[in-house]
Structure formats: structure tokens, C-alpha cells
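The block underneath contains the structure these notes are about, expressed in C-alpha cells.
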Amino acid sequence: MTQINEAPSQQLVAAAPKLGNPAAVGLAAFGMTTLLLQLHALGIVGMGPVLWLGVFYGGAAQVMVGLHEHKNGNNFGYTVFTSFGCFWLSFCGIVVAGKYGLFPASKTDVGWFLVGWTLYSGIMTIASMRTSKVLFGAFATLMVGLVALVAEHFGGGAALTTLSAVSLLGTVACVWYVMAHIVFADMFGRDVLPVGKPLL
């Protein structure tokens, strides 16, 4: 029997499966862990929930999100989520190790740790001007919070801790707004929460 092959135009082409946007998880994780840390700074929450959330959600989850953004070809998301995931893992490591006297870090040591992250965040703040107004707002408030925190670690007054916490709570509001923008746009099929055009 002669086998008849279908013409290419008649062959069924499987549709690519719909994939989720990993940034929604990364933004949710960054916001949640930052929220808990600022509540701790304001004396509302103990360090325990901050550490565990930092390891699993702010740390591991953000690193995984960053790796997915790498597969998507998103260098900004890849860099930001992977880096801040590692920030949370290293921050939790510093706190836990210091508790048990393993490579203890002084307040000034932590200050220099924060200096490095402030410089990195400054670079990403400039890059965020090519994303959206709300995401730029997240990085702008993050910068204010980090600068205040660095100053506090190098001898500034306690008022700087409060300033940093309030500014970083603004960061939480911005990143969760962007997260909600992503989720709602998918669920409602339209832009429910606009984030604004890029500044540059």
C-alpha cells in the first residue's frame, strides 16, 4: 500500500503552552520579606518569621524566579531577582551565624555589606527607568531606604532606622502593585492597574 504524506500545510501544529510570568512571584517574594523586615525594624515583629521567610521566599524563590527570567531572555529580571534572592540568603546567614558566634559581623561590617547593595541598587535604579514609572518608584524608594540604613550603621541616629523602614514600606507598596498589575492583567484580560510608561 502506498503511504500518502500530508502536505505541511495540512499538518497540525501544536500550540505552545501558555507560561506564567515568573516576575509575579519574584515581586511578591521581595515585597513580603521586605515588609516583614521593616515591621521588625519598627519593633512589631520578631526576627524569627523574617529569617524563615527570607530563606525560602525572599531567598530561594527569588533565585528560581531569576533563573526563569534568564530563560525568558530578560536580563533585568534575571539580574534583579537572582541578586536579591542571594541578598536575602546572605542576610539570613549573617544573622544566624552571628547568633552562634560563627564569623560574627559587627554593625560596621553590616554597614559595608549594605554599601555594596546600595551601589548595585543604584545601577538597577537607572535601568528601571526603562521599565515603568511604578517599578522605578520601587527602586527610588529602595535607594532612599538603603542610604538611610547605611548611614544608621555608620553612626547615624535611630531616626534613620525609622526613615529607612517607612521608605522601604513604600517599596513594598510599589512592587506589590506591579505584581497585582501582572496577575490582574492575566485574569481580567485587560490592564486593570496601569504602571505607567518608562521614564526614558
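How things are named: the first chain in the C-alpha cells is A, the next is B, and so on; residues count from 1 in each chain; ligands count from 1 in the order shown.
Residue neighbourhood of Ala173 of chain A, excluding near-sequence residues (fewer than 6 positions): Gly31, Leu35, Val134, Gly137, Ala138 and Met179 of chain A, at 10 Å, using only C-alpha atoms.
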Now that the selection is made, can you save its residues with N, CA and C atoms as a PDB file, in the first residue's frame?
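As written to disk, result_29.pdb reads:
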ATOM      1  N   GLY A  31       8.477  41.729  48.072  1.00  0.00           N
ATOM      2  CA  GLY A  31       7.613  42.570  48.876  1.00  0.00           C
ATOM      3  C   GLY A  31       7.317  41.980  50.244  1.00  0.00           C
ATOM      4  N   LEU A  35       8.539  43.607  53.709  1.00  0.00           N
ATOM      5  CA  LEU A  35       7.510  44.035  54.652  1.00  0.00           C
ATOM      6  C   LEU A  35       7.810  43.525  56.058  1.00  0.00           C
ATOM      7  N   VAL A 134       5.998  52.937  38.004  1.00  0.00           N
ATOM      8  CA  VAL A 134       5.803  52.338  39.321  1.00  0.00           C
ATOM      9  C   VAL A 134       7.025  51.522  39.730  1.00  0.00           C
ATOM     10  N   GLY A 137       9.603  53.752  40.810  1.00  0.00           N
ATOM     11  CA  GLY A 137       9.287  54.213  42.164  1.00  0.00           C
ATOM     12  C   GLY A 137       9.744  53.219  43.216  1.00  0.00           C
ATOM     13  N   ALA A 138       9.639  51.923  42.894  1.00  0.00           N
ATOM     14  CA  ALA A 138      10.098  50.891  43.824  1.00  0.00           C
ATOM     15  C   ALA A 138      11.597  51.005  44.064  1.00  0.00           C
ATOM     16  N   MET A 179       3.122  43.585  40.936  1.00  0.00           N
ATOM     17  CA  MET A 179       2.730  42.169  40.974  1.00  0.00           C
ATOM     18  C   MET A 179       1.238  42.022  40.686  1.00  0.00           C
TER      19      MET A 179
END
Exercise for the section: Go through chain A and collect every residue that DSSP, computed from the backbone, puts in helix (DSSP H, G or I); the answer should be as a PyMOL selection string. Expected result: chain A and resi 8-10+22-41+47-71+75-99+107-128+133-153+159-188
Fill in the blank from the handout: If you count only C-alpha atoms, the residue of A:Ala15, A:Leu146, A:Val50, A:Leu135 closest to Val95 of chain A turns out to be A:Val50
Fill in the blank from the handout: Separating atom CA of Met47 of chain A from atom CA of Thr33 of chain A, to the nearest tenth of an Å, is a gap of 11.4 Å
Handout entry: Residue neighbourhood Ala28 of chain A, 8 Å, only C-alpha atoms, exclusion window fewer than 4 positions, as a list in words
Key = Ala24, Met32, Val175, Trp176 and Met179 of chain A
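Taking only C-alpha atoms into account, Phe81 of chain A lies nearest to A:Met124 out of the set A:Val172, A:Leu200, A:Met124, A:Val115.
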Handout entry: Shell around Gly155 of chain A at 12 Å using only C-alpha atoms, local window under 5 positions removed, as a count of residues only
Key = 8
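Residues in contact with segment 51-68 of chain A at up to 8 Å, not including ones fewer than 3 positions away on its chain and judged by only C-alpha atoms, are Pro22, Ala23, Val25, Gly26, Ala29, Phe30, Met32, Thr33, Met47, Gly48, Lys71, Asn72, Gly77, Tyr78, Thr79, Val80, Phe81, Thr82, Ser83, Phe84, Gly85, Cys86, Phe87, Trp88, Leu89 and Cys92 of chain A.
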Pull C-alpha atoms from the residues just selected and write them as an mmCIF file, in the first residue's frame.
data_model
loop_
_atom_site.group_PDB
_atom_site.id
_atom_site.type_symbol
_atom_site.label_atom_id
_atom_site.label_comp_id
_atom_site.auth_asym_id
_atom_site.auth_seq_id
_atom_site.Cartn_x
_atom_site.Cartn_y
_atom_site.Cartn_z
ATOM 1 C CA PRO A 22 7.808 34.483 36.892
ATOM 2 C CA ALA A 23 8.169 38.162 37.804
ATOM 3 C CA VAL A 25 6.316 35.515 42.145
ATOM 4 C CA GLY A 26 9.593 37.423 42.428
ATOM 5 C CA ALA A 29 8.506 37.429 47.462
ATOM 6 C CA PHE A 30 10.570 40.616 47.538
ATOM 7 C CA MET A 32 6.659 40.052 51.557
ATOM 8 C CA THR A 33 10.140 39.645 53.006
ATOM 9 C CA MET A 47 13.297 38.126 63.805
ATOM 10 C CA GLY A 48 12.109 34.510 63.540
ATOM 11 C CA LYS A 71 15.310 31.541 30.087
ATOM 12 C CA ASN A 72 12.936 34.306 29.023
ATOM 13 C CA GLY A 77 14.656 40.425 35.760
ATOM 14 C CA TYR A 78 17.386 37.786 35.747
ATOM 15 C CA THR A 79 19.855 40.119 37.436
ATOM 16 C CA VAL A 80 17.463 41.682 39.933
ATOM 17 C CA PHE A 81 15.667 38.571 41.176
ATOM 18 C CA THR A 82 18.752 36.352 41.345
ATOM 19 C CA SER A 83 20.768 39.048 43.091
ATOM 20 C CA PHE A 84 18.151 39.983 45.662
ATOM 21 C CA GLY A 85 17.432 36.319 46.273
ATOM 22 C CA CYS A 86 21.088 35.931 47.179
ATOM 23 C CA PHE A 87 20.866 39.098 49.278
ATOM 24 C CA TRP A 88 18.205 37.506 51.449
ATOM 25 C CA LEU A 89 20.086 34.223 51.760
ATOM 26 C CA CYS A 92 19.847 35.426 56.907
#
Problem - Residue contacts of Thr131 of chain A (10 Å, only C-alpha atoms) excluding same-chain residues fewer than 4 positions away, as a VMD selection string - result: chain A and resid 76 126 to 127 135 to 136 195 to 200
Can I get the selected residues back with all heavy atoms, as a PDB file, in the first residue's frame?
ATOM      1  N   PHE A  76      17.254  42.133  32.863  1.00  0.00           N
ATOM      2  CA  PHE A  76      16.920  42.947  34.033  1.00  0.00           C
ATOM      3  C   PHE A  76      16.313  42.071  35.127  1.00  0.00           C
ATOM      4  O   PHE A  76      16.772  42.084  36.275  1.00  0.00           O
ATOM      5  CB  PHE A  76      15.950  44.070  33.637  1.00  0.00           C
ATOM      6  CG  PHE A  76      15.564  44.965  34.782  1.00  0.00           C
ATOM      7  CD1 PHE A  76      16.384  46.004  35.176  1.00  0.00           C
ATOM      8  CD2 PHE A  76      14.360  44.768  35.455  1.00  0.00           C
ATOM      9  CE1 PHE A  76      16.029  46.828  36.239  1.00  0.00           C
ATOM     10  CE2 PHE A  76      13.989  45.589  36.509  1.00  0.00           C
ATOM     11  CZ  PHE A  76      14.830  46.622  36.898  1.00  0.00           C
ATOM     12  N   ILE A 126      18.780  53.076  37.772  1.00  0.00           N
ATOM     13  CA  ILE A 126      18.908  53.717  36.457  1.00  0.00           C
ATOM     14  C   ILE A 126      18.270  52.840  35.382  1.00  0.00           C
ATOM     15  O   ILE A 126      17.515  53.319  34.522  1.00  0.00           O
ATOM     16  CB  ILE A 126      20.388  53.978  36.134  1.00  0.00           C
ATOM     17  CG1 ILE A 126      20.976  54.971  37.143  1.00  0.00           C
ATOM     18  CG2 ILE A 126      20.543  54.521  34.706  1.00  0.00           C
ATOM     19  CD1 ILE A 126      22.476  55.146  37.029  1.00  0.00           C
ATOM     20  N   ALA A 127      18.548  51.524  35.442  1.00  0.00           N
ATOM     21  CA  ALA A 127      17.971  50.603  34.458  1.00  0.00           C
ATOM     22  C   ALA A 127      16.451  50.558  34.561  1.00  0.00           C
ATOM     23  O   ALA A 127      15.754  50.411  33.549  1.00  0.00           O
ATOM     24  CB  ALA A 127      18.552  49.207  34.644  1.00  0.00           C
ATOM     25  N   LEU A 135       7.602  50.769  38.804  1.00  0.00           N
ATOM     26  CA  LEU A 135       8.786  49.982  39.142  1.00  0.00           C
ATOM     27  C   LEU A 135       9.973  50.898  39.440  1.00  0.00           C
ATOM     28  O   LEU A 135      10.779  50.612  40.333  1.00  0.00           O
ATOM     29  CB  LEU A 135       9.126  49.014  38.010  1.00  0.00           C
ATOM     30  CG  LEU A 135      10.085  47.872  38.383  1.00  0.00           C
ATOM     31  CD1 LEU A 135       9.562  47.083  39.574  1.00  0.00           C
ATOM     32  CD2 LEU A 135      10.303  46.944  37.204  1.00  0.00           C
ATOM     33  N   PHE A 136      10.077  51.999  38.720  1.00  0.00           N
ATOM     34  CA  PHE A 136      11.108  52.978  39.057  1.00  0.00           C
ATOM     35  C   PHE A 136      10.866  53.524  40.459  1.00  0.00           C
ATOM     36  O   PHE A 136      11.822  53.724  41.235  1.00  0.00           O
ATOM     37  CB  PHE A 136      11.122  54.131  38.052  1.00  0.00           C
ATOM     38  CG  PHE A 136      11.994  55.279  38.490  1.00  0.00           C
ATOM     39  CD1 PHE A 136      13.376  55.182  38.433  1.00  0.00           C
ATOM     40  CD2 PHE A 136      11.427  56.455  38.971  1.00  0.00           C
ATOM     41  CE1 PHE A 136      14.187  56.233  38.853  1.00  0.00           C
ATOM     42  CE2 PHE A 136      12.220  57.510  39.396  1.00  0.00           C
ATOM     43  CZ  PHE A 136      13.602  57.397  39.331  1.00  0.00           C
ATOM     44  N   VAL A 195       0.765  50.757  35.132  1.00  0.00           N
ATOM     45  CA  VAL A 195       2.006  51.053  35.846  1.00  0.00           C
ATOM     46  C   VAL A 195       2.765  52.238  35.264  1.00  0.00           C
ATOM     47  O   VAL A 195       3.801  52.633  35.817  1.00  0.00           O
ATOM     48  CB  VAL A 195       2.930  49.808  35.869  1.00  0.00           C
ATOM     49  CG1 VAL A 195       2.305  48.693  36.686  1.00  0.00           C
ATOM     50  CG2 VAL A 195       3.230  49.336  34.446  1.00  0.00           C
ATOM     51  N   GLY A 196       2.271  52.803  34.201  1.00  0.00           N
ATOM     52  CA  GLY A 196       2.913  53.986  33.622  1.00  0.00           C
ATOM     53  C   GLY A 196       3.999  53.626  32.623  1.00  0.00           C
ATOM     54  O   GLY A 196       4.639  52.577  32.704  1.00  0.00           O
ATOM     55  N   LYS A 197       4.225  54.527  31.688  1.00  0.00           N
ATOM     56  CA  LYS A 197       5.250  54.303  30.683  1.00  0.00           C
ATOM     57  C   LYS A 197       6.652  54.496  31.266  1.00  0.00           C
ATOM     58  O   LYS A 197       6.820  55.140  32.292  1.00  0.00           O
ATOM     59  CB  LYS A 197       5.034  55.287  29.511  1.00  0.00           C
ATOM     60  CG  LYS A 197       3.719  55.075  28.778  1.00  0.00           C
ATOM     61  CD  LYS A 197       3.574  56.086  27.647  1.00  0.00           C
ATOM     62  CE  LYS A 197       2.265  55.880  26.897  1.00  0.00           C
ATOM     63  NZ  LYS A 197       2.102  56.862  25.783  1.00  0.00           N
ATOM     64  N   PRO A 198       7.669  53.944  30.591  1.00  0.00           N
ATOM     65  CA  PRO A 198       9.051  54.141  31.066  1.00  0.00           C
ATOM     66  C   PRO A 198       9.407  55.630  31.100  1.00  0.00           C
ATOM     67  O   PRO A 198       8.919  56.433  30.305  1.00  0.00           O
ATOM     68  CB  PRO A 198       9.885  53.402  30.001  1.00  0.00           C
ATOM     69  CG  PRO A 198       8.942  52.418  29.396  1.00  0.00           C
ATOM     70  CD  PRO A 198       7.595  53.057  29.419  1.00  0.00           C
ATOM     71  N   LEU A 199      10.263  55.996  32.038  1.00  0.00           N
ATOM     72  CA  LEU A 199      10.695  57.389  32.146  1.00  0.00           C
ATOM     73  C   LEU A 199      11.656  57.755  31.028  1.00  0.00           C
ATOM     74  O   LEU A 199      11.744  58.930  30.634  1.00  0.00           O
ATOM     75  CB  LEU A 199      11.356  57.635  33.502  1.00  0.00           C
ATOM     76  CG  LEU A 199      10.425  57.523  34.712  1.00  0.00           C
ATOM     77  CD1 LEU A 199      11.227  57.689  36.000  1.00  0.00           C
ATOM     78  CD2 LEU A 199       9.320  58.562  34.640  1.00  0.00           C
ATOM     79  N   LEU A 200      12.387  56.772  30.527  1.00  0.00           N
ATOM     80  CA  LEU A 200      13.357  57.033  29.440  1.00  0.00           C
ATOM     81  C   LEU A 200      12.995  56.197  28.198  1.00  0.00           C
ATOM     82  O   LEU A 200      12.515  55.082  28.337  1.00  0.00           O
ATOM     83  CB  LEU A 200      14.772  56.694  29.891  1.00  0.00           C
ATOM     84  CG  LEU A 200      15.360  57.542  31.022  1.00  0.00           C
ATOM     85  CD1 LEU A 200      16.759  57.045  31.385  1.00  0.00           C
ATOM     86  CD2 LEU A 200      15.418  59.009  30.634  1.00  0.00           C
TER      87      LEU A 200
END
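Residue nearest Leu169 of chain A within the list A:Val147, A:Leu193, A:Leu39, A:Ala16: A:Leu39 [criterion: smallest interatomic distance, only C-alpha atoms].
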